Amino acid sequence: MRSLRPSLLVFALAIVVGLIGPASAGQFGAETFTLTNGLQVVVVQNHRSPVVTQMVWYKVGAADEPVGTSGIAHFLEHLMFRGTKETPPGAFSRIVSQNGGRDNAFTTSDYTAYFQNVASDRLELMMKLEAERMVGLQLTDAVVTPERQVIIEERRSRIDNNPSSLLSEQVDTAIYLHHPYRIPVIGWEHEMQKLSTQDAQTFYTKWYAPNNAVLIVVGDVTLETVRQFAEKYYGPIPSRPVPERHRISEPPKVASVRLELKSPRAGSASWTRYWLAPSYNSGDKRTAYALQVLSNALGGGATSRLYKALVVEKGLALNAGSFYSANSVDVTTFGFYATPKPGVAIPDLESAIEVEVKKLLKDGLTAEEVDRGKKRMQSAAIYSRDSLSGPARIIGEGLATGRSLDEIEAWPDRIGAVTVEEVNAAAKLVIKENISVTGVLLPEPTS
Amino acid sequence: MRPVKRGNVIALAFLALVLHLPVSAKAAVSIERVVSPGGIEAWLVEDHTLPMVSLNAAFQGGASLDPEGKVGLAAMVAGLLDEGAGPLDSQAYQGRLEDLASSVSFGASEDSFSVVLKSLTANVPQTFDLLRLSLSEPRFDQEPVTRVRGELLNNLSRQAQEPRYLASRTFWRTAYGSHPYARPSQGRTATVNAITVEDLRRFTRDRLGRDVLLIGVVGDITPEALKPLLDKTFGGLPAKAAPGVVADTPAVTDGATLLVKKPIPQSVVTFGEPGILRSDPDWYAALLVSTVLGGSSLTSRLALEIREKRGLAYGVNVGMAPLKHSGVILGSVATANARIAQSIDIIRQEWRRMRDDGPTEEELQDTKRYLTGSFPLSLDSTGSVASLLVLIQQDKLGIDYLEKRSALINGVTLDEAKRVARRLFDPDKLTFVVVGSPDELPNAREVTPGG
């Protein structure tokens, strides 16, 4: 009954697809070139139907915000639709829509991305519009003020109305003692209230430049067409000095932290445990590949160790699994989650998970488990090409968090090269039995 | 709590209520009707771009046919068909799927019981055989039955606290009275607990008949290769499903504002009124005018008034739900408790303005371009095309639908659009269900949630 397992968020989905890289040494078959102003351009041809996706990724996210202005990266993302010298507020999406296109944008701690999906004969217009707002954003208080209310309503919808998001937000501050990943991407409300037109403009001027961006076009196009339009519209934008991403780093963790939220608004209980873990960019890349194999074998599906032990055999949980995301500029997280069966006490669930962890750290995964997992991951890689947005997102996320295109394309081979020793060493490196962060959500009966 | 938290992706716009796929003529998709020697029909789009195949199928007659007292039966069967079949127990079945890098899953909606399969070309015979086993020889072993029942019950208690779910559930209960559409398709605690293994078995015998089966296949497979697979996979199913009748029914709304009190900072609202059936000749005009009013999070009239001008909400959407036996037009919005009354006022005003004046010529033309131009965008994966193939069959739109759809949309005149706006929108019938703690809400009637 895979459909009912709430193991993946929208974001997790993107990541899982990210893990499921391309198939053979041809992979996505991406082609790339760089304009003289430093804008990297990547093209993946797919001529299945006459449509195309354009995505522009800026290598800046919430973790790059000045202290006290949490939410400004995401607020700016909204404001990028609110007018340039050439396009008045509101016109951007209207033009896209009048041309039969769809557009949207998203922000994380590490990057901000904008995209349009359109018929391929409208690509030129989309590139013109997207290039305009790379340099010509014009903001006024008249558009900024209502938009600030929009992001505050967005915060209420995503976080404040939802106890599991509220808990998760607090848990972040325990996982990251110091690093800005502790700050919510949407922002803390008291700081969001004060975000100004000037804050947005300053952030934009500081970070949005062709030399800090990646343009990805996937679909029914040729490299030559993209090159021609890219040079015409993005080419004239001058490169500008963009600061290094100076992120403060995490101190070592010396104590376990446990956060518990009891809420009458929580309909069911959940348990999650986190450890800090190296990403592709922040540690040894081989460890990052090994951790993906580990996560898959431990908690990647119905036959994984944790699911089998906790859900099927012991009947303590309705759901259990693990998570790890390798695409991150700085240190990332690895962990386990479980939904206890109603009536099962959290300590009992926790002990059962700890038994599995102990077993893992003592005996490791077997060579057979590792091989089976690797083969499954590699075979499934082909599916990641079965859409336009899939390749665009995988490549964009990789390039925006410090990977190279070659590395992204070689994902199946890299997974294939992982050894059982590497997997077990990675488990020991990351999973510390006595130092972790645990988040527990508990329903509280109303009187 | 969900696991992957940091780096939560947050997007600019609320995903629109995509209640019906817009389809256009420019879709570079050619549909072939394939009939197996055993008489099983599938619609096929051959696409050899990648070595993979997607199959979607639907048995018409979904949760609305669940017996009273056993609501949630279709959903529970859907949860269990991939949990062991034939010689394979649950773990063996799932392990086999994982080793093949295939997926086979099932779902239940109001009007159909659906199948979604994905396989690499090399593993198509084995994957189809797993589907055959699931449909013909499900095991319903005690362990998975207990476990899946537990998951369903847990989902119910989680949903019972989700404002959006509560608002929508309360709306359906109110609009459909004693009709099956008033019931939660995932069941209620008591009804899910009442379902027996015999009920599950009877469901597969009675409901999975070949006469109600619609199939769409897309990908790296030829008609010749598909035909014998269709017979092998579906040939063993009963020729006919047991008769089941769901009455056609109108949604009934009276323009009330219903309040479900919850201690949350933002009020979450579902609103709606009767709409029209998918088969109604006015469908395309209705699609156009409802899209002008609230079809897009960023450019519709409601988005402009509520989000862009006043910052009252992150998203506001309106769409038509294409149920088989009823027409309904539905929308959603969420605004801070202090200002929700204002959002509701604006929605009612815009509803009235659309009824009285209809769309402008410019709005109509823009929306035609949007609806016709954006269709091929949703055909970029084998799975999305396969799902469309089933939908076209379900709604009896014709195998040439992709070619004619643009003309159907572009043929709507301004006068027609205005006439249909008058027919469709009635601000005095528009019912709002509010979940939250609104500061003031004139004439709101407090109700108990869910049902």
# chains A, B, ... in the order shown; residues from 1 in each chain; ligands from 1
$ residues_around --residues "Val45 of chain B" --least-positions-apart "2" --cutoff "9 Å" --atoms "only C-alpha atoms" --output "PyMOL selection string"
chain B and resi 29-32+43+47+216-219+221+382+385-386+389
$ residues_around --residues "Lys194 of chain A" --least-positions-apart "2" --cutoff "12 Å" --atoms "only C-alpha atoms" --output "list in words"
Gly68, Thr69, Ser70, Gly71, Ile72, Phe75, Val144, Thr145, Arg148, Gln149, Ile152, Gly187, Trp188, Glu189, His190, Glu191, Met192, Ser196, Thr197, Gln198, Asp199 and Ala200 of chain A
$ select_by_dssp --residues "segment 164-357 of chain A" --states "strand (DSSP E)" --output "NGL selection string"
:A and (213-219 or 257-263 or 270-277 or 317-324 or 332-340)
$ residues_around --residues "Pro281 of chain B" --least-positions-apart "6" --cutoff "12 Å" --atoms "only C-alpha atoms" --output "list in words"
Leu287, Leu397, Leu408, Ile409, Val412, Glu416 and Val420 of chain B
$ select_by_dssp --residues "segment 61-240 of chain B" --states "helix (DSSP H, G or I)" --output "JSON, numbers by chain"
{"B": [63, 64, 65, 73, 74, 75, 76, 77, 78, 79, 80, 90, 91, 92, 93, 94, 95, 96, 97, 98, 99, 100, 121, 122, 123, 124, 125, 126, 127, 128, 129, 130, 131, 132, 133, 134, 135, 136, 142, 143, 144, 145, 146, 147, 148, 149, 150, 151, 152, 153, 154, 155, 156, 157, 158, 159, 163, 164, 165, 166, 167, 168, 169, 170, 171, 172, 173, 174, 175, 176, 180, 181, 182, 189, 190, 191, 192, 193, 194, 197, 198, 199, 200, 201, 202, 203, 204, 205, 206, 207, 210, 211, 212, 223, 224, 225, 226, 227, 228, 229, 230, 231, 232, 233, 234]}
$ residues_around --residues "Arg48 of chain A" --least-positions-apart "5" --cutoff "8 Å" --atoms "only C-alpha atoms" --output "list in words"
Gly219 and Asp220 of chain A; Ala28, Asp47, Thr49 and Asp380 of chain B
$ closest_residue --among "A:Leu361, A:Val150, A:Met126, A:Leu276" --to "chain B" --atoms "only C-alpha atoms"
A:Val150
$ residues_around --residues "Glu433 of chain A" --least-positions-apart "2" --cutoff "10 Å" --atoms "only C-alpha atoms" --output "PDB file with N, CA, C and O atoms, in the first residue's frame"
ATOM      1  N   SER A 256      22.570  15.372  23.293  1.00  0.00           N
ATOM      2  CA  SER A 256      21.351  15.042  22.566  1.00  0.00           C
ATOM      3  C   SER A 256      20.266  16.050  22.902  1.00  0.00           C
ATOM      4  O   SER A 256      20.213  16.578  24.010  1.00  0.00           O
ATOM      5  N   TRP A 275      20.700  13.255  12.446  1.00  0.00           N
ATOM      6  CA  TRP A 275      22.128  13.496  12.660  1.00  0.00           C
ATOM      7  C   TRP A 275      22.639  14.407  11.548  1.00  0.00           C
ATOM      8  O   TRP A 275      22.096  14.398  10.434  1.00  0.00           O
ATOM      9  N   GLU A 354      16.330   1.707  18.063  1.00  0.00           N
ATOM     10  CA  GLU A 354      17.713   1.680  18.563  1.00  0.00           C
ATOM     11  C   GLU A 354      18.332   0.285  18.449  1.00  0.00           C
ATOM     12  O   GLU A 354      19.532   0.149  18.203  1.00  0.00           O
ATOM     13  N   VAL A 357      19.522   0.075  14.994  1.00  0.00           N
ATOM     14  CA  VAL A 357      20.702   0.918  14.792  1.00  0.00           C
ATOM     15  C   VAL A 357      21.948   0.229  15.364  1.00  0.00           C
ATOM     16  O   VAL A 357      23.011   0.195  14.748  1.00  0.00           O
ATOM     17  N   LYS A 358      21.777  -0.335  16.544  1.00  0.00           N
ATOM     18  CA  LYS A 358      22.890  -1.055  17.182  1.00  0.00           C
ATOM     19  C   LYS A 358      23.368  -2.195  16.283  1.00  0.00           C
ATOM     20  O   LYS A 358      24.560  -2.398  16.075  1.00  0.00           O
ATOM     21  N   LEU A 361      25.278  -0.798  13.362  1.00  0.00           N
ATOM     22  CA  LEU A 361      26.624  -0.312  13.667  1.00  0.00           C
ATOM     23  C   LEU A 361      27.558  -1.467  14.019  1.00  0.00           C
ATOM     24  O   LEU A 361      28.763  -1.394  13.779  1.00  0.00           O
ATOM     25  N   LYS A 428      28.860   4.492  10.411  1.00  0.00           N
ATOM     26  CA  LYS A 428      29.554   4.760  11.684  1.00  0.00           C
ATOM     27  C   LYS A 428      29.940   6.227  11.818  1.00  0.00           C
ATOM     28  O   LYS A 428      29.941   6.792  12.910  1.00  0.00           O
ATOM     29  N   VAL A 430      28.306   8.824  10.665  1.00  0.00           N
ATOM     30  CA  VAL A 430      27.173   9.736  10.837  1.00  0.00           C
ATOM     31  C   VAL A 430      26.330   9.414  12.071  1.00  0.00           C
ATOM     32  O   VAL A 430      25.938  10.311  12.821  1.00  0.00           O
ATOM     33  N   ILE A 431      26.053   8.136  12.258  1.00  0.00           N
ATOM     34  CA  ILE A 431      25.097   7.768  13.310  1.00  0.00           C
ATOM     35  C   ILE A 431      25.809   7.640  14.650  1.00  0.00           C
ATOM     36  O   ILE A 431      26.596   6.733  14.873  1.00  0.00           O
ATOM     37  N   ILE A 435      24.414  10.899  20.596  1.00  0.00           N
ATOM     38  CA  ILE A 435      24.226  12.328  20.314  1.00  0.00           C
ATOM     39  C   ILE A 435      23.358  12.498  19.068  1.00  0.00           C
ATOM     40  O   ILE A 435      23.800  12.274  17.945  1.00  0.00           O
ATOM     41  N   SER A 436      22.125  12.881  19.292  1.00  0.00           N
ATOM     42  CA  SER A 436      21.221  13.050  18.151  1.00  0.00           C
ATOM     43  C   SER A 436      20.177  14.101  18.503  1.00  0.00           C
ATOM     44  O   SER A 436      20.095  14.562  19.633  1.00  0.00           O
TER      45      SER A 436
END
$ atom_distance --atom1 "atom CA of Phe375 of chain B" --atom2 "atom CA of Ser387 of chain B"
13.7 Å
$ closest_residue --among "A:Gly101, A:Pro243, A:Gly38, A:Pro251" --to "chain B" --atoms "only C-alpha atoms"
A:Gly101
$ closest_residue --among "A:Ala381, A:Val423, A:Val60, A:Val96" --to "Asn211 of chain A" --atoms "only C-alpha atoms"
A:Val60
$ atom_distance --atom1 "atom CA of Gly187 of chain B" --atom2 "atom CA of Ala63 of chain B"
8.9 Å
$ residues_around --residues "Phe271 of chain B" --least-positions-apart "4" --cutoff "8 Å" --atoms "only C-alpha atoms" --output "list of chain:residue names"
B:Phe171, B:Leu330, B:Gly331, B:Ser332, B:Leu430, B:Thr431, B:Phe432, B:Val433
$ write_last_selection --atoms "all heavy atoms" --output "mmCIF file, in the first residue's frame"
data_model
loop_
_atom_site.group_PDB
_atom_site.id
_atom_site.type_symbol
_atom_site.label_atom_id
_atom_site.label_comp_id
_atom_site.auth_asym_id
_atom_site.auth_seq_id
_atom_site.Cartn_x
_atom_site.Cartn_y
_atom_site.Cartn_z
ATOM 1 N N PHE B 171 -18.070 20.632 3.342
ATOM 2 C CA PHE B 171 -18.791 21.094 2.156
ATOM 3 C C PHE B 171 -19.500 19.932 1.453
ATOM 4 O O PHE B 171 -20.683 20.003 1.130
ATOM 5 C CB PHE B 171 -17.860 21.800 1.166
ATOM 6 C CG PHE B 171 -18.588 22.252 -0.063
ATOM 7 C CD1 PHE B 171 -19.249 23.469 -0.079
ATOM 8 C CD2 PHE B 171 -18.686 21.427 -1.180
ATOM 9 C CE1 PHE B 171 -19.973 23.870 -1.194
ATOM 10 C CE2 PHE B 171 -19.410 21.816 -2.310
ATOM 11 C CZ PHE B 171 -20.051 23.043 -2.307
ATOM 12 N N LEU B 330 -16.131 24.474 -7.296
ATOM 13 C CA LEU B 330 -15.545 24.534 -5.959
ATOM 14 C C LEU B 330 -14.372 25.503 -5.937
ATOM 15 O O LEU B 330 -13.674 25.650 -6.934
ATOM 16 C CB LEU B 330 -14.925 23.174 -5.623
ATOM 17 C CG LEU B 330 -15.822 22.059 -5.117
ATOM 18 C CD1 LEU B 330 -15.002 20.791 -5.018
ATOM 19 C CD2 LEU B 330 -16.376 22.432 -3.759
ATOM 20 N N GLY B 331 -14.145 26.089 -4.764
ATOM 21 C CA GLY B 331 -12.976 26.941 -4.639
ATOM 22 C C GLY B 331 -12.393 26.860 -3.249
ATOM 23 O O GLY B 331 -12.992 26.270 -2.338
ATOM 24 N N SER B 332 -11.203 27.433 -3.077
ATOM 25 C CA SER B 332 -10.603 27.459 -1.746
ATOM 26 C C SER B 332 -9.792 28.735 -1.547
ATOM 27 O O SER B 332 -9.302 29.340 -2.505
ATOM 28 C CB SER B 332 -9.701 26.241 -1.538
ATOM 29 O OG SER B 332 -8.592 26.325 -2.394
ATOM 30 N N LEU B 430 -23.975 30.447 -3.273
ATOM 31 C CA LEU B 430 -22.584 30.087 -3.001
ATOM 32 C C LEU B 430 -22.382 29.861 -1.495
ATOM 33 O O LEU B 430 -22.510 30.785 -0.701
ATOM 34 C CB LEU B 430 -21.668 31.210 -3.502
ATOM 35 C CG LEU B 430 -20.168 30.958 -3.420
ATOM 36 C CD1 LEU B 430 -19.769 29.755 -4.267
ATOM 37 C CD2 LEU B 430 -19.403 32.205 -3.890
ATOM 38 N N THR B 431 -22.093 28.617 -1.138
ATOM 39 C CA THR B 431 -21.936 28.258 0.270
ATOM 40 C C THR B 431 -20.452 28.257 0.656
ATOM 41 O O THR B 431 -19.613 27.785 -0.100
ATOM 42 C CB THR B 431 -22.560 26.866 0.515
ATOM 43 O OG1 THR B 431 -23.980 27.009 0.523
ATOM 44 C CG2 THR B 431 -22.118 26.275 1.845
ATOM 45 N N PHE B 432 -20.185 28.819 1.826
ATOM 46 C CA PHE B 432 -18.814 28.859 2.342
ATOM 47 C C PHE B 432 -18.708 27.999 3.593
ATOM 48 O O PHE B 432 -19.563 28.099 4.473
ATOM 49 C CB PHE B 432 -18.423 30.300 2.722
ATOM 50 C CG PHE B 432 -18.243 31.203 1.535
ATOM 51 C CD1 PHE B 432 -19.342 31.784 0.909
ATOM 52 C CD2 PHE B 432 -16.971 31.476 1.043
ATOM 53 C CE1 PHE B 432 -19.175 32.618 -0.184
ATOM 54 C CE2 PHE B 432 -16.800 32.321 -0.059
ATOM 55 C CZ PHE B 432 -17.905 32.890 -0.676
ATOM 56 N N VAL B 433 -17.676 27.178 3.660
ATOM 57 C CA VAL B 433 -17.376 26.479 4.905
ATOM 58 C C VAL B 433 -16.056 27.032 5.421
ATOM 59 O O VAL B 433 -15.038 26.979 4.731
ATOM 60 C CB VAL B 433 -17.249 24.958 4.703
ATOM 61 C CG1 VAL B 433 -16.907 24.291 6.030
ATOM 62 C CG2 VAL B 433 -18.522 24.373 4.116
#
$ closest_residue --among "A:Asn161, A:Ser97, A:Asn424, A:Ser270" --to "Gly295 of chain B" --atoms "only C-alpha atoms"
A:Ser97
$ residues_around --residues "segment 128-142 of chain B" --least-positions-apart "4" --cutoff "8 Å" --atoms "only C-alpha atoms" --output "PyMOL selection string"
chain B and resi 80-86+89+93+104+124+146+197+200+204+208+229+232-234+236-237
$ write_last_selection --atoms "N, CA and C atoms" --output "tab-separated table (two decimals), in the first residue's frame"
chain	number	residue	atom	x	y	z
B	80	LEU	N	-4.49	-2.76	-0.40
B	80	LEU	CA	-4.06	-4.15	-0.15
B	80	LEU	C	-3.68	-4.94	-1.40
B	81	LEU	N	-4.05	-4.48	-2.58
B	81	LEU	CA	-3.77	-5.31	-3.75
B	81	LEU	C	-2.27	-5.45	-4.03
B	82	ASP	N	-1.47	-4.52	-3.56
B	82	ASP	CA	-0.02	-4.69	-3.75
B	82	ASP	C	0.64	-5.22	-2.48
B	83	GLU	N	-0.14	-5.86	-1.64
B	83	GLU	CA	0.39	-6.40	-0.39
B	83	GLU	C	0.32	-7.92	-0.37
B	84	GLY	N	0.61	-8.53	-1.49
B	84	GLY	CA	0.62	-9.99	-1.54
B	84	GLY	C	-0.43	-10.53	-2.48
B	85	ALA	N	0.00	-11.45	-3.39
B	85	ALA	CA	-0.93	-12.05	-4.35
B	85	ALA	C	-0.33	-13.35	-4.85
B	86	GLY	N	-1.20	-14.32	-5.16
B	86	GLY	CA	-0.73	-15.62	-5.65
B	86	GLY	C	0.27	-16.21	-4.67
B	89	ASP	N	3.87	-13.45	-0.77
B	89	ASP	CA	3.34	-12.68	0.34
B	89	ASP	C	3.74	-11.22	0.17
B	93	TYR	N	6.20	-9.83	-2.71
B	93	TYR	CA	5.62	-9.04	-3.80
B	93	TYR	C	6.35	-7.70	-3.94
B	104	VAL	N	3.64	-0.74	-9.18
B	104	VAL	CA	2.25	-1.09	-9.44
B	104	VAL	C	1.49	-0.59	-8.22
B	124	VAL	N	8.66	-5.58	-18.69
B	124	VAL	CA	7.22	-5.45	-18.90
B	124	VAL	C	6.46	-6.76	-18.64
B	146	THR	N	-4.37	-6.12	8.73
B	146	THR	CA	-4.32	-5.37	9.99
B	146	THR	C	-3.54	-4.08	9.83
B	197	VAL	N	-12.43	-9.49	5.65
B	197	VAL	CA	-11.70	-10.06	4.52
B	197	VAL	C	-12.69	-10.52	3.44
B	200	LEU	N	-13.55	-7.70	1.30
B	200	LEU	CA	-12.47	-7.39	0.38
B	200	LEU	C	-12.51	-8.34	-0.82
B	204	THR	N	-13.31	-7.64	-5.04
B	204	THR	CA	-12.52	-7.98	-6.23
B	204	THR	C	-13.33	-8.86	-7.19
B	208	LEU	N	-14.29	-5.70	-10.18
B	208	LEU	CA	-13.22	-5.62	-11.16
B	208	LEU	C	-13.60	-6.38	-12.43
B	229	LEU	N	-0.38	-9.37	-24.00
B	229	LEU	CA	-0.24	-8.97	-22.59
B	229	LEU	C	-1.58	-8.57	-21.98
B	232	LYS	N	-3.37	-11.77	-21.18
B	232	LYS	CA	-2.79	-12.45	-20.02
B	232	LYS	C	-3.12	-11.71	-18.73
B	233	THR	N	-3.06	-10.39	-18.78
B	233	THR	CA	-3.20	-9.61	-17.55
B	233	THR	C	-4.65	-9.48	-17.10
B	234	PHE	N	-5.53	-9.18	-18.07
B	234	PHE	CA	-6.90	-8.86	-17.69
B	234	PHE	C	-7.90	-9.95	-18.09
B	236	GLY	N	-8.40	-12.97	-17.28
B	236	GLY	CA	-8.98	-13.82	-16.24
B	236	GLY	C	-10.00	-13.12	-15.36
B	237	LEU	N	-10.19	-11.84	-15.56
B	237	LEU	CA	-11.16	-11.11	-14.73
B	237	LEU	C	-12.58	-11.45	-15.15
